[in-house]
Amino acid sequence: MFSFSTIANYHQQLKDGNTSVAEAVQYYLNNIKGKVHLNAFIEVFEAEAVEKAALLDEQLRAGKELKKLHGVVIAIKDVICYKDHKITAASKILNGFSSLYTATALQYLLDEGAIVIGNCNCDEFAMGSTNENSAYGKVLNALDETKVPGGSSGGSAVAVQADLCMVSIGSDTGGSVRQPADFCGIVGLKPGYGRISRYGLLAYASSFDQIGIFGKNVTDVALLLEIMSAPDKMDSTMQKDGPAEPFTSFHPAAGKKIRFCVFKQVIEHPSLDEEIRDRINESATKLAGQGHIVEYIDFNLLDYIVPAYYVLTTAEASSNLSRYDGIRFGHRSDKATEDLEQFYKNNRSEGFGMEVKRRIMLGTFVLSTGYYDAYYSKAQKIRRLLSDQVTGIFKNFDAILMPTVPATAPEFGAAHQDPIEMYLADIFTVFANLTGIPGISVPLFSHSNNMPFGLQIMTNKQDEVHLLNIADMLMQQYKPALRNK
Ligand code: GLN
């Protein structure tokens, strides 16, 4: 019987003849069918996956060397272009549209032998925290189906959580990989800004967006990062300097003192659940007990980061989403009109969902003459201050420890009573996107309400090596069963 622990272990099983790619693909297709009510996928590429599996098995039989992702079954958030496959961004406005090219990051995975099993459900245009803003219906958290899986990459998270694929990719503009990873009890990495090419990722807020990775362990996530972070001349914001980073070679901090900091204002924040606070404090104490340095420091800008995030991202979104006019691609209204402007209005009013409309209007407002200085410029100044603070922090510390989210996964409907409440819950994740640093959520804890939650680690810009090392070290300490085999 096929079972999955790590990619390395799967490859060993393939080499030993204990399993085949065809068997792995069938295992996931069966699981997807058995758990179709979770609604994690918008489309499943069954025939293609079966065909590619047969081809890869044939290559192995012929004695070909295994590529890094030979037969690795992945799922992709439906905001990542895959040539000749439909892409919806979970929005009606893209009805019937197929990608004209493949996103560079995805192409790199395919080149290494990965098999895409399907497109995952998400919040419309990646805007949301619960996966309830999807034109394709909500996604259920497999650990408790009355609870949200998180968002916006909820489908990608549940695909890994519920054993519907081995690893998956999503996008993280303000927490959309780390937060659902926290709610679903898996690993979720947001690399630093510019680490992975955004070419072929549908834009929400271009100066924040980054492709992220979900997995069951840190090693698999590191492997995907290593592959996807190869340079791409199609994305001018990519970091290209320096040699290829050895993301998969862990040198756990044995003997090395790591300097951690914890923000006092985070730990004391009134929105933070008691148990989460206790577990984060205990982890800090444990690390200090192991000889690492842990300091609680002031971070006075905490209350500004959510407003700054929502001003800047909605401003960028209002511009990025202007291309969906119903003429070049996507939904076109049947309502008759001779007025071109009314035609655009009809297409966009019918095609976009509530939350996307709210953000386009908010973004248009903060950019409008008369309000630009009061909102947009001010938010940019906060972003600058945050960036300066980050530079200062990483002069003295190697990593920041934080909860990923203030509370565990809520029930459906709860977060939607008040959108501002939902926005405020992004308080611990948007910091990394505003400053461009990498962050990871590792599933270390279980709440007395039976839901999982994670610890978030952040390191300096371009320092994913340290980030993954620390994450792997903590996973080994807390979850030895999930250790790379
Ligand atoms: N919850 C955040 C938002 O709605 C994060 C979204 C994201 O990272 N794509 O903007």
# chains A, B, ... in the order shown; residues from 1 in each chain; ligands from 1

call {"tool": "residues_around", "arguments": {"residues": "Ile293 in chain A", "least_positions_apart": "2", "cutoff": "12 Å", "atoms": "only C-alpha atoms", "output": "PDB file with N, CA and C atoms, in the first residue's frame"}}
result
ATOM      1  N   LYS A 256      25.679  25.980  17.568  1.00  0.00           N
ATOM      2  CA  LYS A 256      25.681  27.394  17.211  1.00  0.00           C
ATOM      3  C   LYS A 256      24.595  28.113  17.996  1.00  0.00           C
ATOM      4  N   LYS A 257      24.989  29.214  18.560  1.00  0.00           N
ATOM      5  CA  LYS A 257      24.012  30.018  19.299  1.00  0.00           C
ATOM      6  C   LYS A 257      23.203  30.844  18.326  1.00  0.00           C
ATOM      7  N   ILE A 258      21.902  30.689  18.328  1.00  0.00           N
ATOM      8  CA  ILE A 258      21.072  31.521  17.458  1.00  0.00           C
ATOM      9  C   ILE A 258      20.505  32.653  18.302  1.00  0.00           C
ATOM     10  N   ARG A 259      20.491  33.850  17.726  1.00  0.00           N
ATOM     11  CA  ARG A 259      19.953  35.010  18.450  1.00  0.00           C
ATOM     12  C   ARG A 259      18.512  35.260  18.001  1.00  0.00           C
ATOM     13  N   PHE A 260      17.560  34.913  18.880  1.00  0.00           N
ATOM     14  CA  PHE A 260      16.141  35.099  18.564  1.00  0.00           C
ATOM     15  C   PHE A 260      15.615  36.349  19.244  1.00  0.00           C
ATOM     16  N   CYS A 261      14.643  37.011  18.600  1.00  0.00           N
ATOM     17  CA  CYS A 261      13.917  38.048  19.332  1.00  0.00           C
ATOM     18  C   CYS A 261      12.422  37.799  19.220  1.00  0.00           C
ATOM     19  N   VAL A 262      11.707  38.280  20.218  1.00  0.00           N
ATOM     20  CA  VAL A 262      10.252  38.174  20.266  1.00  0.00           C
ATOM     21  C   VAL A 262       9.756  39.594  20.504  1.00  0.00           C
ATOM     22  N   ALA A 284      10.153  29.929  23.492  1.00  0.00           N
ATOM     23  CA  ALA A 284      11.255  30.878  23.676  1.00  0.00           C
ATOM     24  C   ALA A 284      12.107  30.454  24.879  1.00  0.00           C
ATOM     25  N   THR A 285      11.435  30.054  25.960  1.00  0.00           N
ATOM     26  CA  THR A 285      12.164  29.624  27.158  1.00  0.00           C
ATOM     27  C   THR A 285      12.990  28.371  26.866  1.00  0.00           C
ATOM     28  N   LYS A 286      12.384  27.455  26.111  1.00  0.00           N
ATOM     29  CA  LYS A 286      13.076  26.204  25.778  1.00  0.00           C
ATOM     30  C   LYS A 286      14.345  26.490  24.958  1.00  0.00           C
ATOM     31  N   LEU A 287      14.214  27.400  23.987  1.00  0.00           N
ATOM     32  CA  LEU A 287      15.375  27.735  23.151  1.00  0.00           C
ATOM     33  C   LEU A 287      16.461  28.397  23.994  1.00  0.00           C
ATOM     34  N   ALA A 288      16.040  29.246  24.916  1.00  0.00           N
ATOM     35  CA  ALA A 288      17.025  29.894  25.792  1.00  0.00           C
ATOM     36  C   ALA A 288      17.720  28.844  26.658  1.00  0.00           C
ATOM     37  N   GLY A 289      16.930  27.851  27.102  1.00  0.00           N
ATOM     38  CA  GLY A 289      17.481  26.764  27.919  1.00  0.00           C
ATOM     39  C   GLY A 289      18.505  25.938  27.155  1.00  0.00           C
ATOM     40  N   GLN A 290      18.386  25.938  25.831  1.00  0.00           N
ATOM     41  CA  GLN A 290      19.339  25.170  25.013  1.00  0.00           C
ATOM     42  C   GLN A 290      20.585  25.979  24.684  1.00  0.00           C
ATOM     43  N   GLY A 291      20.658  27.182  25.242  1.00  0.00           N
ATOM     44  CA  GLY A 291      21.868  27.990  25.038  1.00  0.00           C
ATOM     45  C   GLY A 291      21.720  29.062  23.975  1.00  0.00           C
ATOM     46  N   GLU A 295      15.599  37.315  23.257  1.00  0.00           N
ATOM     47  CA  GLU A 295      15.305  38.607  23.903  1.00  0.00           C
ATOM     48  C   GLU A 295      13.937  39.101  23.507  1.00  0.00           C
ATOM     49  N   TYR A 296      13.208  39.664  24.457  1.00  0.00           N
ATOM     50  CA  TYR A 296      11.921  40.297  24.162  1.00  0.00           C
ATOM     51  C   TYR A 296      12.206  41.775  23.901  1.00  0.00           C
ATOM     52  N   ASN A 396      21.174  42.782  15.181  1.00  0.00           N
ATOM     53  CA  ASN A 396      21.358  42.182  16.513  1.00  0.00           C
ATOM     54  C   ASN A 396      20.836  40.756  16.636  1.00  0.00           C
ATOM     55  N   PHE A 397      19.947  40.350  15.698  1.00  0.00           N
ATOM     56  CA  PHE A 397      19.312  39.032  15.825  1.00  0.00           C
ATOM     57  C   PHE A 397      19.354  38.254  14.509  1.00  0.00           C
ATOM     58  N   ASP A 398      19.245  36.922  14.644  1.00  0.00           N
ATOM     59  CA  ASP A 398      19.198  36.066  13.454  1.00  0.00           C
ATOM     60  C   ASP A 398      17.767  35.792  13.027  1.00  0.00           C
ATOM     61  N   ALA A 399      16.854  35.766  13.993  1.00  0.00           N
ATOM     62  CA  ALA A 399      15.487  35.374  13.646  1.00  0.00           C
ATOM     63  C   ALA A 399      14.477  36.000  14.598  1.00  0.00           C
ATOM     64  N   ILE A 400      13.260  36.193  14.073  1.00  0.00           N
ATOM     65  CA  ILE A 400      12.148  36.691  14.892  1.00  0.00           C
ATOM     66  C   ILE A 400      11.192  35.519  15.110  1.00  0.00           C
ATOM     67  N   LEU A 401      10.725  35.351  16.332  1.00  0.00           N
ATOM     68  CA  LEU A 401       9.728  34.321  16.639  1.00  0.00           C
ATOM     69  C   LEU A 401       8.392  34.996  16.898  1.00  0.00           C
TER      70      LEU A 401
END

call {"tool": "residues_near_ligand", "arguments": {"ligand": "ligand 1", "cutoff": "7 Å", "atoms": "only C-alpha atoms and all ligand atoms", "output": "NGL selection string"}}
result
:A and (126-129 or 151-152 or 171-177 or 423 or 426)

call {"tool": "select_by_dssp", "arguments": {"residues": "range 190-359 of chain A", "states": "strand (DSSP E or B)", "output": "ChimeraX atom specification"}}
result
/A:190,201,211-215,259-263,293-297

call {"tool": "write_last_selection", "arguments": {"atoms": "all heavy atoms", "output": "compact mmCIF listing (two decimals), in the first residue's frame"}}
result
# COMPACT_ATOMS: atom_id res chain seq x y z
N LYS A 190 6.69 31.28 3.08
CA LYS A 190 6.69 32.42 2.16
C LYS A 190 8.14 32.83 1.99
O LYS A 190 8.76 33.34 2.94
CB LYS A 190 5.92 33.62 2.72
CG LYS A 190 5.95 34.79 1.72
CD LYS A 190 5.67 36.14 2.35
CE LYS A 190 6.89 36.86 2.87
NZ LYS A 190 7.71 37.51 1.83
N LEU A 201 2.22 34.38 -12.32
CA LEU A 201 1.38 34.39 -11.10
C LEU A 201 0.41 35.56 -11.27
O LEU A 201 0.86 36.69 -11.46
CB LEU A 201 2.26 34.61 -9.86
CG LEU A 201 1.52 34.95 -8.56
CD1 LEU A 201 0.71 33.76 -8.06
CD2 LEU A 201 2.53 35.39 -7.47
N ILE A 211 5.23 33.57 -4.49
CA ILE A 211 4.78 32.17 -4.50
C ILE A 211 5.31 31.48 -3.25
O ILE A 211 6.46 31.71 -2.86
CB ILE A 211 5.27 31.46 -5.79
CG1 ILE A 211 4.46 31.98 -6.99
CG2 ILE A 211 5.16 29.94 -5.67
CD1 ILE A 211 4.83 31.38 -8.33
N GLY A 212 4.47 30.69 -2.60
CA GLY A 212 4.89 29.99 -1.39
C GLY A 212 4.62 28.49 -1.51
O GLY A 212 3.98 28.03 -2.47
N ILE A 213 5.11 27.74 -0.53
CA ILE A 213 5.09 26.27 -0.64
C ILE A 213 4.48 25.65 0.62
O ILE A 213 4.81 26.05 1.75
CB ILE A 213 6.55 25.75 -0.80
CG1 ILE A 213 7.24 26.47 -1.97
CG2 ILE A 213 6.57 24.24 -1.01
CD1 ILE A 213 8.75 26.48 -1.88
N PHE A 214 3.62 24.64 0.41
CA PHE A 214 3.06 23.85 1.51
C PHE A 214 3.65 22.45 1.47
O PHE A 214 3.77 21.85 0.39
CB PHE A 214 1.55 23.67 1.33
CG PHE A 214 0.74 24.92 1.46
CD1 PHE A 214 0.31 25.60 0.33
CD2 PHE A 214 0.38 25.40 2.71
CE1 PHE A 214 -0.47 26.74 0.44
CE2 PHE A 214 -0.39 26.55 2.83
CZ PHE A 214 -0.82 27.22 1.69
N GLY A 215 3.98 21.91 2.65
CA GLY A 215 4.46 20.53 2.69
C GLY A 215 4.21 19.95 4.06
O GLY A 215 3.75 20.63 4.98
N ARG A 259 20.49 33.85 17.73
CA ARG A 259 19.95 35.01 18.45
C ARG A 259 18.51 35.26 18.00
O ARG A 259 18.28 35.68 16.87
CB ARG A 259 20.81 36.25 18.18
CG ARG A 259 22.26 36.10 18.69
CD ARG A 259 23.17 37.14 18.06
NE ARG A 259 23.08 37.11 16.60
CZ ARG A 259 23.52 38.08 15.80
NH1 ARG A 259 24.05 39.16 16.30
NH2 ARG A 259 23.42 37.97 14.48
N PHE A 260 17.56 34.91 18.88
CA PHE A 260 16.14 35.10 18.56
C PHE A 260 15.61 36.35 19.24
O PHE A 260 16.02 36.65 20.37
CB PHE A 260 15.30 33.93 19.11
CG PHE A 260 15.55 32.62 18.42
CD1 PHE A 260 16.38 31.66 19.00
CD2 PHE A 260 14.94 32.34 17.20
CE1 PHE A 260 16.59 30.44 18.37
CE2 PHE A 260 15.14 31.12 16.58
CZ PHE A 260 15.97 30.17 17.16
N CYS A 261 14.64 37.01 18.60
CA CYS A 261 13.92 38.05 19.33
C CYS A 261 12.42 37.80 19.22
O CYS A 261 11.95 37.13 18.29
CB CYS A 261 14.28 39.45 18.85
SG CYS A 261 13.70 39.83 17.22
N VAL A 262 11.71 38.28 20.22
CA VAL A 262 10.25 38.17 20.27
C VAL A 262 9.76 39.59 20.50
O VAL A 262 10.31 40.30 21.35
CB VAL A 262 9.82 37.26 21.45
CG1 VAL A 262 8.30 37.12 21.50
CG2 VAL A 262 10.49 35.89 21.36
N PHE A 263 8.74 40.03 19.76
CA PHE A 263 8.23 41.39 19.96
C PHE A 263 7.28 41.41 21.16
O PHE A 263 6.28 40.68 21.19
CB PHE A 263 7.47 41.88 18.73
CG PHE A 263 8.32 42.02 17.49
CD1 PHE A 263 7.74 41.97 16.22
CD2 PHE A 263 9.69 42.24 17.57
CE1 PHE A 263 8.51 42.11 15.07
CE2 PHE A 263 10.48 42.38 16.43
CZ PHE A 263 9.88 42.31 15.17
N ILE A 293 20.16 32.60 22.35
CA ILE A 293 19.83 33.88 22.96
C ILE A 293 18.40 34.24 22.59
O ILE A 293 18.02 34.15 21.41
CB ILE A 293 20.80 34.98 22.47
CG1 ILE A 293 22.21 34.66 22.99
CG2 ILE A 293 20.34 36.37 22.88
CD1 ILE A 293 23.30 35.38 22.27
N VAL A 294 17.59 34.56 23.57
CA VAL A 294 16.22 34.98 23.27
C VAL A 294 15.95 36.29 24.01
O VAL A 294 16.10 36.35 25.23
CB VAL A 294 15.18 33.93 23.72
CG1 VAL A 294 13.77 34.38 23.32
CG2 VAL A 294 15.48 32.56 23.13
N GLU A 295 15.60 37.31 23.26
CA GLU A 295 15.30 38.61 23.90
C GLU A 295 13.94 39.10 23.51
O GLU A 295 13.55 38.98 22.33
CB GLU A 295 16.35 39.65 23.47
CG GLU A 295 17.56 39.69 24.37
CD GLU A 295 18.55 40.74 23.91
OE1 GLU A 295 18.13 41.87 23.58
OE2 GLU A 295 19.75 40.40 23.85
N TYR A 296 13.21 39.66 24.46
CA TYR A 296 11.92 40.30 24.16
C TYR A 296 12.21 41.78 23.90
O TYR A 296 12.77 42.45 24.76
CB TYR A 296 10.96 40.12 25.35
CG TYR A 296 10.39 38.72 25.44
CD1 TYR A 296 11.19 37.64 25.76
CD2 TYR A 296 9.05 38.48 25.17
CE1 TYR A 296 10.68 36.35 25.83
CE2 TYR A 296 8.51 37.20 25.23
CZ TYR A 296 9.34 36.13 25.55
OH TYR A 296 8.83 34.86 25.60
N ILE A 297 11.85 42.23 22.71
CA ILE A 297 12.17 43.63 22.36
C ILE A 297 10.90 44.40 21.99
O ILE A 297 9.87 43.80 21.68
CB ILE A 297 13.20 43.72 21.20
CG1 ILE A 297 12.64 43.09 19.91
CG2 ILE A 297 14.51 43.07 21.58
CD1 ILE A 297 13.45 43.40 18.67

call {"tool": "closest_residue", "arguments": {"among": "A:Val79, A:Ala89, A:Ile305, A:Leu164", "to": "Ala24 in chain A", "atoms": "only C-alpha atoms"}}
result
A:Leu164

call {"tool": "select_by_dssp", "arguments": {"residues": "range 133-343 of chain A", "states": "alpha helix (DSSP H)", "output": "number ranges by chain"}}
result
A: 154-161, 178-184, 218-228, 264-267, 274-289, 302-320, 340-343

call {"tool": "closest_residue", "arguments": {"among": "A:Leu223, A:Arg384, A:Ser153, A:Tyr375", "to": "Pro307 in chain A", "atoms": "only C-alpha atoms"}}
result
A:Tyr375

call {"tool": "atom_distance", "arguments": {"atom1": "CA of Pro191 in chain A", "atom2": "CA of Gly439 in chain A"}}
result
6.4 Å

call {"tool": "residues_around", "arguments": {"residues": "range 311-313 of chain A", "least_positions_apart": "2", "cutoff": "12 Å", "atoms": "only C-alpha atoms", "output": "ChimeraX atom specification"}}
result
/A:126-127,173-174,203-209,304-309,315-321,356,359-367,371-383,423,430,433-434

call {"tool": "write_last_selection", "arguments": {"atoms": "C-alpha atoms", "output": "PDB file, in the first residue's frame"}}
result
ATOM      1  CA  ALA A 126      -6.191  35.673  -3.366  1.00  0.00           C
ATOM      2  CA  MET A 127      -8.170  38.192  -1.324  1.00  0.00           C
ATOM      3  CA  THR A 173       0.697  38.511  -0.311  1.00  0.00           C
ATOM      4  CA  GLY A 174      -0.133  39.011   3.358  1.00  0.00           C
ATOM      5  CA  ALA A 203      -1.076  39.704  -9.656  1.00  0.00           C
ATOM      6  CA  TYR A 204      -2.942  40.847  -6.548  1.00  0.00           C
ATOM      7  CA  ALA A 205      -0.441  43.377  -5.095  1.00  0.00           C
ATOM      8  CA  SER A 206       2.755  43.142  -7.102  1.00  0.00           C
ATOM      9  CA  SER A 207       5.152  44.583  -4.524  1.00  0.00           C
ATOM     10  CA  PHE A 208       3.927  42.020  -1.935  1.00  0.00           C
ATOM     11  CA  ASP A 209       3.090  38.865  -3.924  1.00  0.00           C
ATOM     12  CA  TYR A 304       0.173  50.441  11.936  1.00  0.00           C
ATOM     13  CA  ILE A 305       0.975  47.378   9.901  1.00  0.00           C
ATOM     14  CA  VAL A 306      -2.520  46.115   9.084  1.00  0.00           C
ATOM     15  CA  PRO A 307      -3.785  49.565   7.949  1.00  0.00           C
ATOM     16  CA  ALA A 308      -0.606  50.113   5.903  1.00  0.00           C
ATOM     17  CA  TYR A 309      -0.981  46.678   4.328  1.00  0.00           C
ATOM     18  CA  ALA A 315      -4.141  50.420  -4.196  1.00  0.00           C
ATOM     19  CA  GLU A 316      -2.039  47.955  -6.171  1.00  0.00           C
ATOM     20  CA  ALA A 317      -5.004  45.625  -6.659  1.00  0.00           C
ATOM     21  CA  SER A 318      -7.206  48.395  -8.050  1.00  0.00           C
ATOM     22  CA  SER A 319      -4.616  48.906 -10.767  1.00  0.00           C
ATOM     23  CA  ASN A 320      -3.769  45.218 -11.351  1.00  0.00           C
ATOM     24  CA  LEU A 321      -7.406  44.162 -11.667  1.00  0.00           C
ATOM     25  CA  VAL A 356     -12.830  41.993  -4.672  1.00  0.00           C
ATOM     26  CA  ARG A 359     -10.922  46.227  -2.364  1.00  0.00           C
ATOM     27  CA  ILE A 360     -10.993  47.775  -5.849  1.00  0.00           C
ATOM     28  CA  MET A 361     -13.109  50.620  -4.472  1.00  0.00           C
ATOM     29  CA  LEU A 362     -10.932  51.060  -1.405  1.00  0.00           C
ATOM     30  CA  GLY A 363      -7.783  51.049  -3.540  1.00  0.00           C
ATOM     31  CA  THR A 364      -9.233  53.546  -6.002  1.00  0.00           C
ATOM     32  CA  PHE A 365     -10.212  55.780  -3.103  1.00  0.00           C
ATOM     33  CA  VAL A 366      -6.788  55.816  -1.418  1.00  0.00           C
ATOM     34  CA  LEU A 367      -5.149  56.688  -4.744  1.00  0.00           C
ATOM     35  CA  TYR A 371      -6.803  61.430  -0.442  1.00  0.00           C
ATOM     36  CA  TYR A 372      -3.514  60.179  -1.893  1.00  0.00           C
ATOM     37  CA  ASP A 373      -1.344  61.959   0.680  1.00  0.00           C
ATOM     38  CA  ALA A 374      -3.569  61.091   3.602  1.00  0.00           C
ATOM     39  CA  TYR A 375      -3.588  57.367   2.852  1.00  0.00           C
ATOM     40  CA  TYR A 376      -1.275  56.077   0.133  1.00  0.00           C
ATOM     41  CA  SER A 377       1.762  58.279   0.876  1.00  0.00           C
ATOM     42  CA  LYS A 378       1.363  57.779   4.589  1.00  0.00           C
ATOM     43  CA  ALA A 379       1.230  54.008   4.207  1.00  0.00           C
ATOM     44  CA  GLN A 380       4.353  54.130   2.048  1.00  0.00           C
ATOM     45  CA  LYS A 381       6.102  56.036   4.830  1.00  0.00           C
ATOM     46  CA  ILE A 382       5.129  53.348   7.331  1.00  0.00           C
ATOM     47  CA  ARG A 383       6.480  50.733   4.968  1.00  0.00           C
ATOM     48  CA  TYR A 423      -8.323  42.092   8.219  1.00  0.00           C
ATOM     49  CA  VAL A 430       1.650  41.031   6.858  1.00  0.00           C
ATOM     50  CA  ASN A 433       5.264  41.004   3.136  1.00  0.00           C
ATOM     51  CA  LEU A 434       5.570  44.712   3.925  1.00  0.00           C
TER      52      LEU A 434
END

call {"tool": "closest_atom_pairs", "arguments": {"of": "range 135-241 of chain A", "to": "range 444-454 of chain A", "cutoff": "9 Å", "atoms": "only C-alpha atoms", "output": "CSV"}}
result
residue,atom,partner,partner_atom,distance
A:Leu143,CA,A:Met451,CA,7.5
A:Asp144,CA,A:Met451,CA,8.0
A:Arg178,CA,A:Gly454,CA,8.8
A:Gln179,CA,A:Gly454,CA,8.8
A:Ala181,CA,A:Gly454,CA,7.8
A:Asp182,CA,A:Phe453,CA,4.9
A:Phe183,CA,A:Phe453,CA,6.0
A:Cys184,CA,A:Pro452,CA,6.7
A:Gly185,CA,A:Pro452,CA,5.1
A:Ile186,CA,A:Gly454,CA,8.2
A:Val187,CA,A:Gly454,CA,8.4

call {"tool": "atom_distance", "arguments": {"atom1": "CA of Asp57 in chain A", "atom2": "CA of Ala114 in chain A"}}
result
12.7 Å

call {"tool": "atom_distance", "arguments": {"atom1": "CA of Phe4 in chain A", "atom2": "CA of Met166 in chain A"}}
result
7.3 Å

call {"tool": "residues_around", "arguments": {"residues": "range 412-418 of chain A", "least_positions_apart": "4", "cutoff": "7 Å", "atoms": "only C-alpha atoms", "output": "PyMOL selection string"}}
result
chain A and resi 146-148+422

call {"tool": "write_last_selection", "arguments": {"atoms": "N, CA and C atoms", "output": "PDB file, in the first residue's frame"}}
result
ATOM      1  N   THR A 146     -16.342  21.893  10.204  1.00  0.00           N
ATOM      2  CA  THR A 146     -17.132  23.093  10.515  1.00  0.00           C
ATOM      3  C   THR A 146     -16.235  24.336  10.527  1.00  0.00           C
ATOM      4  N   LYS A 147     -14.922  24.103  10.394  1.00  0.00           N
ATOM      5  CA  LYS A 147     -13.962  25.211  10.491  1.00  0.00           C
ATOM      6  C   LYS A 147     -13.374  25.569   9.131  1.00  0.00           C
ATOM      7  N   VAL A 148     -12.936  26.819   9.003  1.00  0.00           N
ATOM      8  CA  VAL A 148     -12.323  27.254   7.742  1.00  0.00           C
ATOM      9  C   VAL A 148     -10.912  26.667   7.637  1.00  0.00           C
ATOM     10  N   MET A 422     -11.703  40.555  10.188  1.00  0.00           N
ATOM     11  CA  MET A 422     -10.935  39.589   9.401  1.00  0.00           C
ATOM     12  C   MET A 422      -9.584  40.189   9.005  1.00  0.00           C
TER      13      MET A 422
END

call {"tool": "closest_residue", "arguments": {"among": "A:Val158, A:Ala47, A:Ala432, A:Val221", "to": "Ala8 in chain A", "atoms": "only C-alpha atoms"}}
result
A:Val221

call {"tool": "residues_around", "arguments": {"residues": "range 468-476 of chain A", "least_positions_apart": "6", "cutoff": "10 Å", "atoms": "only C-alpha atoms", "output": "PyMOL selection string"}}
result
chain A and resi 187+189+217-219+221-222+247-254+258+283+287+398-399+438-444+455-459+482-484

call {"tool": "residues_around", "arguments": {"residues": "Ala22 in chain A", "least_positions_apart": "3", "cutoff": "8 Å", "atoms": "only C-alpha atoms", "output": "list in words"}}
result
Val25, Gln26, Val50, Ala53, Ala54 and Asp57 of chain A

call {"tool": "residues_around", "arguments": {"residues": "Ile42 in chain A", "least_positions_apart": "4", "cutoff": "9 Å", "atoms": "only C-alpha atoms", "output": "ChimeraX atom specification"}}
result
/A:78,88,90,118-122,136,155

call {"tool": "closest_residue", "arguments": {"among": "A:Thr104, A:Val160, A:Ile280, A:Arg358", "to": "Lys233 in chain A", "atoms": "only C-alpha atoms"}}
result
A:Thr104

call {"tool": "closest_residue", "arguments": {"among": "A:Gln462, A:Ser271, A:Ser322, A:Gln342", "to": "Glu421 in chain A", "atoms": "only C-alpha atoms"}}
result
A:Ser271
